[in-house]
>>> print(open('query.cif').read())   # mmCIF, C-alpha atoms
data_protein
#
loop_
_atom_site.label_atom_id
_atom_site.label_comp_id
_atom_site.auth_asym_id
_atom_site.auth_seq_id
_atom_site.Cartn_x
_atom_site.Cartn_y
_atom_site.Cartn_z
CA MET A 135 60.65 34.52 42.71
CA PHE A 136 57.20 33.30 41.77
CA ILE A 137 53.66 34.49 42.52
CA ASN A 138 51.05 31.79 43.06
CA ASN A 139 47.60 32.95 42.04
CA PHE A 140 46.26 29.64 40.73
CA ASP A 141 42.54 28.96 40.89
CA PRO A 142 41.91 25.80 42.96
CA VAL A 143 38.93 25.04 40.71
CA ALA A 144 40.06 23.13 37.61
CA ILE A 145 36.69 22.91 35.85
CA GLN A 146 33.40 24.68 36.56
CA ILE A 147 30.15 23.74 34.85
CA PHE A 148 27.41 26.07 36.08
CA SER A 149 27.47 25.54 39.88
CA LEU A 150 29.43 22.27 39.68
CA GLU A 151 33.09 22.68 40.62
CA ILE A 152 35.79 20.12 39.99
CA ARG A 153 38.88 21.00 41.98
CA TRP A 154 42.50 20.18 41.25
CA TYR A 155 42.73 18.27 44.52
CA SER A 156 39.94 15.91 43.47
CA LEU A 157 41.58 15.41 40.08
CA ALA A 158 44.89 14.66 41.82
CA TYR A 159 43.25 11.84 43.80
CA ILE A 160 41.62 10.42 40.67
CA ILE A 161 44.75 10.63 38.49
CA GLY A 162 47.01 9.21 41.22
CA ILE A 163 44.73 6.23 41.88
CA LEU A 164 44.18 5.50 38.17
CA LEU A 165 47.88 5.66 37.30
CA GLY A 166 48.79 3.53 40.30
CA TRP A 167 46.15 0.96 39.35
CA ILE A 168 47.25 0.81 35.69
CA LEU A 169 50.98 0.55 36.48
CA SER A 170 50.36 -2.06 39.17
CA LYS A 171 48.42 -4.39 36.89
CA LYS A 172 50.67 -3.85 33.89
CA PHE A 173 54.14 -4.01 35.46
CA PHE A 174 54.23 -4.89 39.15
CA ILE A 175 51.85 -7.79 39.80
CA ASP A 176 53.23 -11.20 38.85
CA ASP A 177 50.78 -13.30 40.86
CA TYR A 178 47.84 -14.21 38.58
CA GLU A 179 45.36 -14.64 41.43
CA LEU A 180 46.41 -11.32 42.96
CA LYS A 181 45.99 -9.58 39.61
CA GLU A 182 42.49 -11.03 39.24
CA LYS A 183 41.49 -9.73 42.66
CA PHE A 184 43.16 -6.33 42.32
CA ASN A 185 40.14 -4.62 40.75
CA ASP A 186 37.99 -5.62 43.72
CA TYR A 187 40.76 -4.59 46.09
CA LEU A 188 40.80 -1.10 44.56
CA THR A 189 37.31 -0.40 45.93
CA TYR A 190 38.40 -1.28 49.46
CA LEU A 191 41.55 0.78 48.96
CA ILE A 192 39.64 3.93 47.97
CA ILE A 193 37.30 3.56 50.94
CA GLY A 194 40.31 3.08 53.24
CA ILE A 195 42.02 6.19 51.87
CA ILE A 196 38.94 8.40 52.25
CA LEU A 197 37.80 7.17 55.65
CA GLY A 198 41.30 6.91 57.08
CA GLY A 199 42.38 10.25 55.67
CA ARG A 200 39.35 12.04 57.04
CA LEU A 201 39.38 10.38 60.46
CA GLY A 202 43.13 10.93 60.74
CA TYR A 203 42.66 14.65 60.14
CA VAL A 204 39.77 14.84 62.61
CA ILE A 205 41.60 12.95 65.38
CA PHE A 206 45.17 14.19 64.99
CA TYR A 207 44.84 17.66 63.51
CA ASN A 208 41.54 19.25 64.55
CA PHE A 209 39.90 17.17 67.25
CA ASN A 210 38.75 20.12 69.37
CA TYR A 211 36.82 21.64 66.48
CA TYR A 212 35.15 18.45 65.30
CA SER A 213 34.30 17.30 68.80
CA ASN A 214 32.13 20.41 69.02
CA ASN A 215 30.95 20.29 65.40
CA PHE A 216 30.38 16.59 64.84
CA LEU A 217 28.34 16.85 61.63
CA ASP A 218 31.16 18.77 59.96
CA ILE A 219 33.17 15.56 59.96
CA PHE A 220 31.07 14.44 57.00
CA LYS A 221 31.70 17.64 54.99
CA ILE A 222 34.72 16.26 53.17
CA TRP A 223 34.26 18.74 50.33
CA GLN A 224 35.35 21.51 52.72
CA GLY A 225 38.82 19.94 52.93
CA GLY A 226 40.75 18.26 55.71
CA MET A 227 42.55 15.00 54.95
CA SER A 228 45.56 13.43 56.64
CA PHE A 229 48.10 11.43 54.63
CA HIS A 230 49.06 9.35 57.66
CA GLY A 231 45.38 8.69 58.34
CA GLY A 232 44.89 7.59 54.75
CA LEU A 233 47.94 5.36 55.09
CA ALA A 234 46.43 3.73 58.17
CA GLY A 235 43.19 3.28 56.25
CA VAL A 236 45.06 1.52 53.44
CA ILE A 237 46.71 -0.85 55.94
CA VAL A 238 43.38 -1.76 57.55
CA ALA A 239 41.65 -2.18 54.18
CA SER A 240 44.50 -4.36 52.89
CA ILE A 241 44.50 -6.63 55.92
CA TYR A 242 40.70 -7.01 55.79
CA PHE A 243 40.58 -7.70 52.04
CA ALA A 244 43.45 -10.18 52.25
CA LYS A 245 41.79 -12.03 55.11
CA ILE A 246 38.46 -12.50 53.32
CA ASN A 247 40.35 -13.77 50.25
CA ASN A 248 42.87 -15.86 52.21
CA HIS A 249 45.83 -13.95 50.76
CA ASN A 250 49.00 -12.50 52.23
CA PRO A 251 48.16 -8.85 53.10
CA TYR A 252 51.79 -7.81 52.59
CA LYS A 253 51.50 -8.59 48.89
CA TYR A 254 48.75 -6.00 48.53
CA MET A 255 50.49 -3.44 50.72
CA ASP A 256 53.77 -3.88 48.85
CA ILE A 257 52.11 -3.09 45.52
CA VAL A 258 50.42 -0.01 46.97
CA SER A 259 53.67 1.11 48.59
CA LEU A 260 55.46 0.90 45.26
CA VAL A 261 52.98 3.12 43.39
CA ALA A 262 51.91 5.37 46.28
CA PRO A 263 54.55 8.03 45.44
CA ILE A 264 52.69 8.68 42.19
CA GLY A 265 49.59 9.73 44.09
CA ILE A 266 51.67 11.68 46.59
CA PHE A 267 53.27 13.64 43.74
CA PHE A 268 49.94 14.73 42.26
CA GLY A 269 48.49 15.42 45.70
CA ARG A 270 51.32 17.75 46.69
CA VAL A 271 51.14 19.59 43.36
CA ALA A 272 47.42 20.08 44.05
CA ASN A 273 48.32 21.42 47.53
CA PHE A 274 50.58 23.96 45.80
CA ILE A 275 47.81 25.02 43.42
CA ASN A 276 45.43 25.35 46.37
CA SER A 277 47.91 27.52 48.31
CA GLU A 278 47.76 25.14 51.30
CA LEU A 279 50.45 23.45 53.39
CA TYR A 280 52.75 26.31 52.37
CA GLY A 281 56.24 26.93 53.70
CA ILE A 282 57.87 29.35 56.08
CA GLU A 283 59.20 32.72 54.94
CA THR A 284 62.39 32.82 52.84
CA ASN A 285 64.25 35.06 50.40
CA LEU A 286 65.62 32.24 48.26
CA PRO A 287 65.41 32.76 44.48
CA TRP A 288 62.70 30.10 44.11
CA ALA A 289 60.52 31.54 46.89
CA VAL A 290 56.80 31.78 46.19
CA LYS A 291 54.25 34.40 47.19
CA PHE A 292 50.88 32.78 47.87
CA VAL A 293 48.65 35.78 47.20
CA GLN A 294 45.61 34.04 48.69
CA ILE A 295 47.50 33.83 52.00
CA ASP A 296 49.61 36.98 52.42
CA ASN A 297 52.34 39.07 50.76
CA LEU A 298 55.28 37.07 52.10
CA TYR A 299 57.64 34.99 49.98
CA ARG A 300 57.75 31.44 51.26
CA HIS A 301 59.31 28.04 50.68
CA PRO A 302 57.19 26.06 48.17
CA SER A 303 57.20 23.17 50.62
CA GLN A 304 54.45 21.41 48.68
CA LEU A 305 56.81 21.13 45.69
CA TYR A 306 59.63 19.92 47.94
CA GLU A 307 57.32 17.13 49.07
CA ALA A 308 56.16 16.40 45.51
CA PHE A 309 59.79 15.99 44.45
CA PHE A 310 61.17 13.98 47.38
CA GLU A 311 58.09 12.05 48.55
CA GLY A 312 56.91 11.57 44.98
CA ILE A 313 59.66 11.39 42.36
CA VAL A 314 62.71 10.52 44.49
CA LEU A 315 60.84 8.01 46.64
CA PHE A 316 59.39 6.31 43.55
CA LEU A 317 62.86 5.95 42.01
CA ILE A 318 64.25 4.54 45.26
CA LEU A 319 61.48 1.95 45.54
CA ILE A 320 61.73 1.00 41.85
CA ASN A 321 65.44 0.39 42.40
CA PHE A 322 64.65 -1.98 45.28
CA GLN A 323 61.95 -3.65 43.19
CA LYS A 324 64.46 -4.36 40.42
CA LYS A 325 66.71 -5.99 43.01
CA GLY A 326 63.99 -8.52 43.83
CA VAL A 327 62.76 -7.08 47.13
CA MET A 328 59.15 -7.92 46.20
CA LYS A 329 59.97 -11.62 46.46
CA THR A 330 59.91 -11.18 50.23
CA PRO A 331 56.46 -9.76 51.10
CA GLY A 332 56.53 -6.92 53.61
CA ILE A 333 59.97 -5.49 52.88
CA MET A 334 58.74 -2.99 50.30
CA SER A 335 56.07 -1.75 52.71
CA GLY A 336 58.68 -1.23 55.40
CA LEU A 337 61.00 0.61 53.02
CA PHE A 338 58.18 2.90 51.95
CA LEU A 339 57.34 3.80 55.55
CA ILE A 340 60.97 4.50 56.40
CA PHE A 341 61.92 6.62 53.39
CA TYR A 342 58.63 8.51 53.26
CA SER A 343 58.91 9.33 56.95
CA ILE A 344 62.49 10.58 56.57
CA PHE A 345 61.57 12.90 53.70
CA ARG A 346 58.41 14.14 55.43
CA PHE A 347 60.23 14.75 58.72
CA ILE A 348 62.94 16.87 57.07
CA ILE A 349 60.65 18.89 54.80
CA GLU A 350 58.34 19.75 57.69
CA PHE A 351 61.10 22.08 58.96
CA PHE A 352 60.40 24.25 55.90
CA ARG A 353 56.62 24.13 56.28
CA VAL A 354 54.35 26.27 58.43
CA PRO A 355 52.84 24.07 61.17
CA ASP A 356 49.09 23.63 61.31
CA GLU A 357 47.62 26.83 62.71
CA GLN A 358 45.34 25.08 65.20
CA LEU A 359 48.21 22.94 66.57
CA GLY A 360 51.52 24.73 66.14
CA TYR A 361 54.53 22.82 67.46
CA ILE A 362 53.44 20.08 69.81
CA PHE A 363 56.55 18.33 71.14
CA LEU A 364 60.20 19.44 71.24
CA LYS A 365 59.31 22.00 68.56
CA LEU A 366 58.18 19.23 66.26
CA THR A 367 54.96 19.34 64.26
CA MET A 368 52.23 16.73 64.38
CA GLY A 369 53.37 15.51 60.95
CA GLN A 370 56.92 15.00 62.21
CA THR A 371 55.75 13.23 65.35
CA ILE A 372 53.57 10.80 63.39
CA SER A 373 56.38 10.31 60.86
CA ILE A 374 58.67 9.12 63.64
CA VAL A 375 56.05 6.56 64.67
CA PHE A 376 55.59 5.29 61.11
CA ALA A 377 59.36 5.11 60.52
CA LEU A 378 59.68 2.93 63.63
CA ILE A 379 56.82 0.77 62.37
CA GLY A 380 58.66 0.39 59.06
CA ILE A 381 61.86 -0.68 60.81
CA TYR A 382 59.98 -3.08 63.06
CA LEU A 383 58.08 -4.50 60.10
CA ILE A 384 61.27 -5.32 58.19
CA LYS A 385 63.04 -6.81 61.21
CA ASN A 386 60.06 -8.81 62.46
CA LYS A 387 58.06 -9.44 59.30
CA ASN A 388 57.71 -13.19 59.79
CA ASP A 389 56.43 -12.85 63.36
CA ILE A 390 53.89 -10.19 62.35
CA GLU A 391 52.72 -12.22 59.37
CA LYS A 392 51.86 -15.18 61.60
CA LYS A 393 49.53 -12.92 63.63
CA LEU A 394 47.63 -11.57 60.62
#
>>> encode(input="query.cif", output="structure tokens")
Amino acid sequence: MFINNFDPVAIQIFSLEIRWYSLAYIIGILLGWILSKKFFIDDYELKEKFNDYLTYLIIGIILGGRLGYVIFYNFNYYSNNFLDIFKIWQGGMSFHGGLAGVIVASIYFAKINNHNPYKYMDIVSLVAPIGIFFGRVANFINSELYGIETNLPWAVKFVQIDNLYRHPSQLYEAFFEGIVLFLILINFQKKGVMKTPGIMSGLFLIFYSIFRFIIEFFRVPDEQLGYIFLKLTMGQTISIVFALIGIYLIKNKNDIEKKL
């Protein structure tokens, strides 16, 4: 069994703190950007525009992630403390909200450049597990999104939380939603899936949602929400929705593309 007493602050210079979670975002985005341009983008025009697209992508992740957390995970609090919405440094981001932000940003950027939005979303879907991996490791370091109690040999005591040994659910997610999902998508990429825009995006939504749904059973639900429907968490409920979107996207890609 392991005791987690990591300091969430990676670097401190006088009063300036750089946290592991911030570094995880930066590293994930940089690695995704580098790998995308070097290995996964074949379209010359798309590659030329990808640097500009990155700015829209970052804005979509931050705004979507924050608004998703506010709306889905802590609406009662923020409806009574509106200005706290802007205090991002205090924490509170939703992956599904960030994902929605990426979709909106991709559609908007593609429209103003007269490109197929699926081509952008497919590239992001392929490298997104890299960012997810670093983000979940940062969650582990921060002692947040921790698991339910267990006596398994690899249980972890998060001393900043309590004296109980728990599932390291953050590491489960880092492994399955990060490493395993990346390998699955790379396998599909090698089979030529990227030649049909939209399929990779659908596959990402489906496999991510499956992994997230299962691992949530080992994770403590959000304190302010608990279990919301049929003893499912908010994360599981939203995962079901996104999995259905992924299935619908693959089956009806051509019809959706005509509407974009």
>>> residues_around(input="query.cif", residues="A:Phe376", least_positions_apart="6", cutoff="12 Å", atoms="all atoms listed in the file", output="list in words")
Phe229, His230, Gly231, Leu233, Ala234, Ile237, Ser335, Gly336, Leu337, Phe338, Leu339, Ile340, Phe341, Tyr342, Ser343, Ile344, Arg346, Phe347, Gly369, Gln370, Tyr382 and Leu383 of chain A
>>> residues_around(input="query.cif", residues="stretch 153-159 of chain A", least_positions_apart="5", cutoff="6 Å", atoms="only C-alpha atoms", output="VMD selection string")
chain A and resid 142 to 144 268 to 269 272
>>> closest_residue(input="query.cif", among="A:Gln304, A:Asn214, A:Asn248, A:Ser170", to="A:Asn185", atoms="all atoms listed in the file")
A:Ser170
>>> resolve_selection(input="query.cif", expression="the PyMOL selection byres ((chain A and resi 314) around 12)", output="mmCIF file with C-alpha atoms, in the frame of the given file")
data_model
loop_
_atom_site.group_PDB
_atom_site.id
_atom_site.type_symbol
_atom_site.label_atom_id
_atom_site.label_comp_id
_atom_site.auth_asym_id
_atom_site.auth_seq_id
_atom_site.Cartn_x
_atom_site.Cartn_y
_atom_site.Cartn_z
ATOM 1 C CA PRO A 263 54.550 8.030 45.440
ATOM 2 C CA ILE A 264 52.690 8.680 42.190
ATOM 3 C CA ILE A 266 51.670 11.680 46.590
ATOM 4 C CA PHE A 267 53.270 13.640 43.740
ATOM 5 C CA TYR A 306 59.630 19.920 47.940
ATOM 6 C CA GLU A 307 57.320 17.130 49.070
ATOM 7 C CA ALA A 308 56.160 16.400 45.510
ATOM 8 C CA PHE A 309 59.790 15.990 44.450
ATOM 9 C CA PHE A 310 61.170 13.980 47.380
ATOM 10 C CA GLU A 311 58.090 12.050 48.550
ATOM 11 C CA GLY A 312 56.910 11.570 44.980
ATOM 12 C CA ILE A 313 59.660 11.390 42.360
ATOM 13 C CA LEU A 315 60.840 8.010 46.640
ATOM 14 C CA PHE A 316 59.390 6.310 43.550
ATOM 15 C CA LEU A 317 62.860 5.950 42.010
ATOM 16 C CA ILE A 318 64.250 4.540 45.260
ATOM 17 C CA LEU A 319 61.480 1.950 45.540
ATOM 18 C CA ILE A 320 61.730 1.000 41.850
ATOM 19 C CA ASN A 321 65.440 0.390 42.400
ATOM 20 C CA PHE A 338 58.180 2.900 51.950
ATOM 21 C CA PHE A 341 61.920 6.620 53.390
ATOM 22 C CA TYR A 342 58.630 8.510 53.260
ATOM 23 C CA PHE A 345 61.570 12.900 53.700
#
>>> atom_distance(input="query.cif", atom1="atom CA of A:Met255", atom2="atom CA of A:Tyr187")
10.8 Å
>>> atom_distance(input="query.cif", atom1="atom CA of A:Ile160", atom2="atom CA of A:Val238")
20.9 Å
>>> atom_distance(input="query.cif", atom1="atom CA of A:Leu165", atom2="atom CA of A:Ile374")
28.7 Å
>>> closest_residue(input="query.cif", among="A:Tyr178, A:Phe136, A:Trp167, A:Tyr252", to="A:Gly265", atoms="all atoms listed in the file")
A:Trp167
>>> residues_around(input="query.cif", residues="A:Glu357", least_positions_apart="2", cutoff="12 Å", atoms="all atoms listed in the file", output="list in words")
Tyr207, Asn208, Glu278, Leu279, Tyr280, Arg353, Val354, Pro355, Leu359, Gly360, Tyr361, Ile362, Thr367 and Met368 of chain A
>>> closest_residue(input="query.cif", among="A:Gly235, A:Phe184, A:Asn247, A:Lys172", to="A:Ile196", atoms="all atoms listed in the file")
A:Gly235
>>> resolve_selection(input="query.cif", expression="the PyMOL selection byres ((chain A and resi 293) around 8)", output="mmCIF file with C-alpha atoms, in the frame of the given file")
data_model
loop_
_atom_site.group_PDB
_atom_site.id
_atom_site.type_symbol
_atom_site.label_atom_id
_atom_site.label_comp_id
_atom_site.auth_asym_id
_atom_site.auth_seq_id
_atom_site.Cartn_x
_atom_site.Cartn_y
_atom_site.Cartn_z
ATOM 1 C CA ILE A 137 53.660 34.490 42.520
ATOM 2 C CA ASN A 138 51.050 31.790 43.060
ATOM 3 C CA ASN A 139 47.600 32.950 42.040
ATOM 4 C CA LYS A 291 54.250 34.400 47.190
ATOM 5 C CA PHE A 292 50.880 32.780 47.870
ATOM 6 C CA GLN A 294 45.610 34.040 48.690
ATOM 7 C CA ILE A 295 47.500 33.830 52.000
ATOM 8 C CA ASP A 296 49.610 36.980 52.420
ATOM 9 C CA ASN A 297 52.340 39.070 50.760
#
>>> resolve_selection(input="query.cif", expression="the PyMOL selection byres ((chain A and resi 219-224) around 9)", output="PyMOL selection string")
chain A and resi 196+200-201+204+212+215-218+225-227
>>> decode(input="query.cif", residues="stretch 317-368 of chain A", atoms="C-alpha atoms", output="mmCIF file, in the first residue's frame")
data_model
loop_
_atom_site.group_PDB
_atom_site.id
_atom_site.type_symbol
_atom_site.label_atom_id
_atom_site.label_comp_id
_atom_site.auth_asym_id
_atom_site.auth_seq_id
_atom_site.Cartn_x
_atom_site.Cartn_y
_atom_site.Cartn_z
ATOM 1 C CA LEU A 317 -3.061 2.647 -28.371
ATOM 2 C CA ILE A 318 -6.576 1.753 -29.528
ATOM 3 C CA LEU A 319 -6.916 4.936 -31.580
ATOM 4 C CA ILE A 320 -3.414 4.587 -33.051
ATOM 5 C CA ASN A 321 -4.380 1.087 -34.166
ATOM 6 C CA PHE A 322 -7.444 2.468 -35.959
ATOM 7 C CA GLN A 323 -5.331 5.260 -37.446
ATOM 8 C CA LYS A 324 -2.918 2.714 -38.923
ATOM 9 C CA LYS A 325 -5.892 0.963 -40.519
ATOM 10 C CA GLY A 326 -6.762 4.126 -42.444
ATOM 11 C CA VAL A 327 -9.729 5.333 -40.391
ATOM 12 C CA MET A 328 -8.572 8.950 -40.762
ATOM 13 C CA LYS A 329 -9.363 8.798 -44.481
ATOM 14 C CA THR A 330 -13.029 9.052 -43.520
ATOM 15 C CA PRO A 331 -13.390 12.266 -41.457
ATOM 16 C CA GLY A 332 -15.519 11.897 -38.341
ATOM 17 C CA ILE A 333 -14.951 8.219 -37.600
ATOM 18 C CA MET A 334 -11.971 8.811 -35.312
ATOM 19 C CA SER A 335 -13.946 11.400 -33.348
ATOM 20 C CA GLY A 336 -16.788 8.942 -32.876
ATOM 21 C CA LEU A 337 -14.422 6.174 -31.784
ATOM 22 C CA PHE A 338 -12.822 8.482 -29.234
ATOM 23 C CA LEU A 339 -16.185 9.413 -27.728
ATOM 24 C CA ILE A 340 -17.274 5.784 -27.505
ATOM 25 C CA PHE A 341 -14.125 4.278 -25.996
ATOM 26 C CA TYR A 342 -13.456 7.177 -23.643
ATOM 27 C CA SER A 343 -17.031 7.034 -22.380
ATOM 28 C CA ILE A 344 -16.832 3.272 -21.781
ATOM 29 C CA PHE A 345 -13.620 3.575 -19.764
ATOM 30 C CA ARG A 346 -14.884 6.592 -17.811
ATOM 31 C CA PHE A 347 -18.226 4.934 -17.043
ATOM 32 C CA ILE A 348 -16.587 1.791 -15.633
ATOM 33 C CA ILE A 349 -13.879 3.538 -13.608
ATOM 34 C CA GLU A 350 -16.413 5.870 -11.998
ATOM 35 C CA PHE A 351 -17.633 2.856 -9.985
ATOM 36 C CA PHE A 352 -14.281 2.949 -8.175
ATOM 37 C CA ARG A 353 -14.316 6.709 -7.639
ATOM 38 C CA VAL A 354 -15.952 8.737 -4.889
ATOM 39 C CA PRO A 355 -18.793 10.789 -6.425
ATOM 40 C CA ASP A 356 -18.636 14.562 -6.237
ATOM 41 C CA GLU A 357 -19.486 15.565 -2.683
ATOM 42 C CA GLN A 358 -21.946 18.279 -3.683
ATOM 43 C CA LEU A 359 -23.835 15.926 -6.038
ATOM 44 C CA GLY A 360 -23.498 12.333 -4.875
ATOM 45 C CA TYR A 361 -25.321 9.797 -7.042
ATOM 46 C CA ILE A 362 -27.882 11.508 -9.225
ATOM 47 C CA PHE A 363 -29.703 8.841 -11.247
ATOM 48 C CA LEU A 364 -30.013 5.074 -10.725
ATOM 49 C CA LYS A 365 -26.963 5.320 -8.450
ATOM 50 C CA LEU A 366 -24.927 6.734 -11.303
ATOM 51 C CA THR A 367 -22.634 9.734 -10.956
ATOM 52 C CA MET A 368 -22.822 12.872 -13.059
#
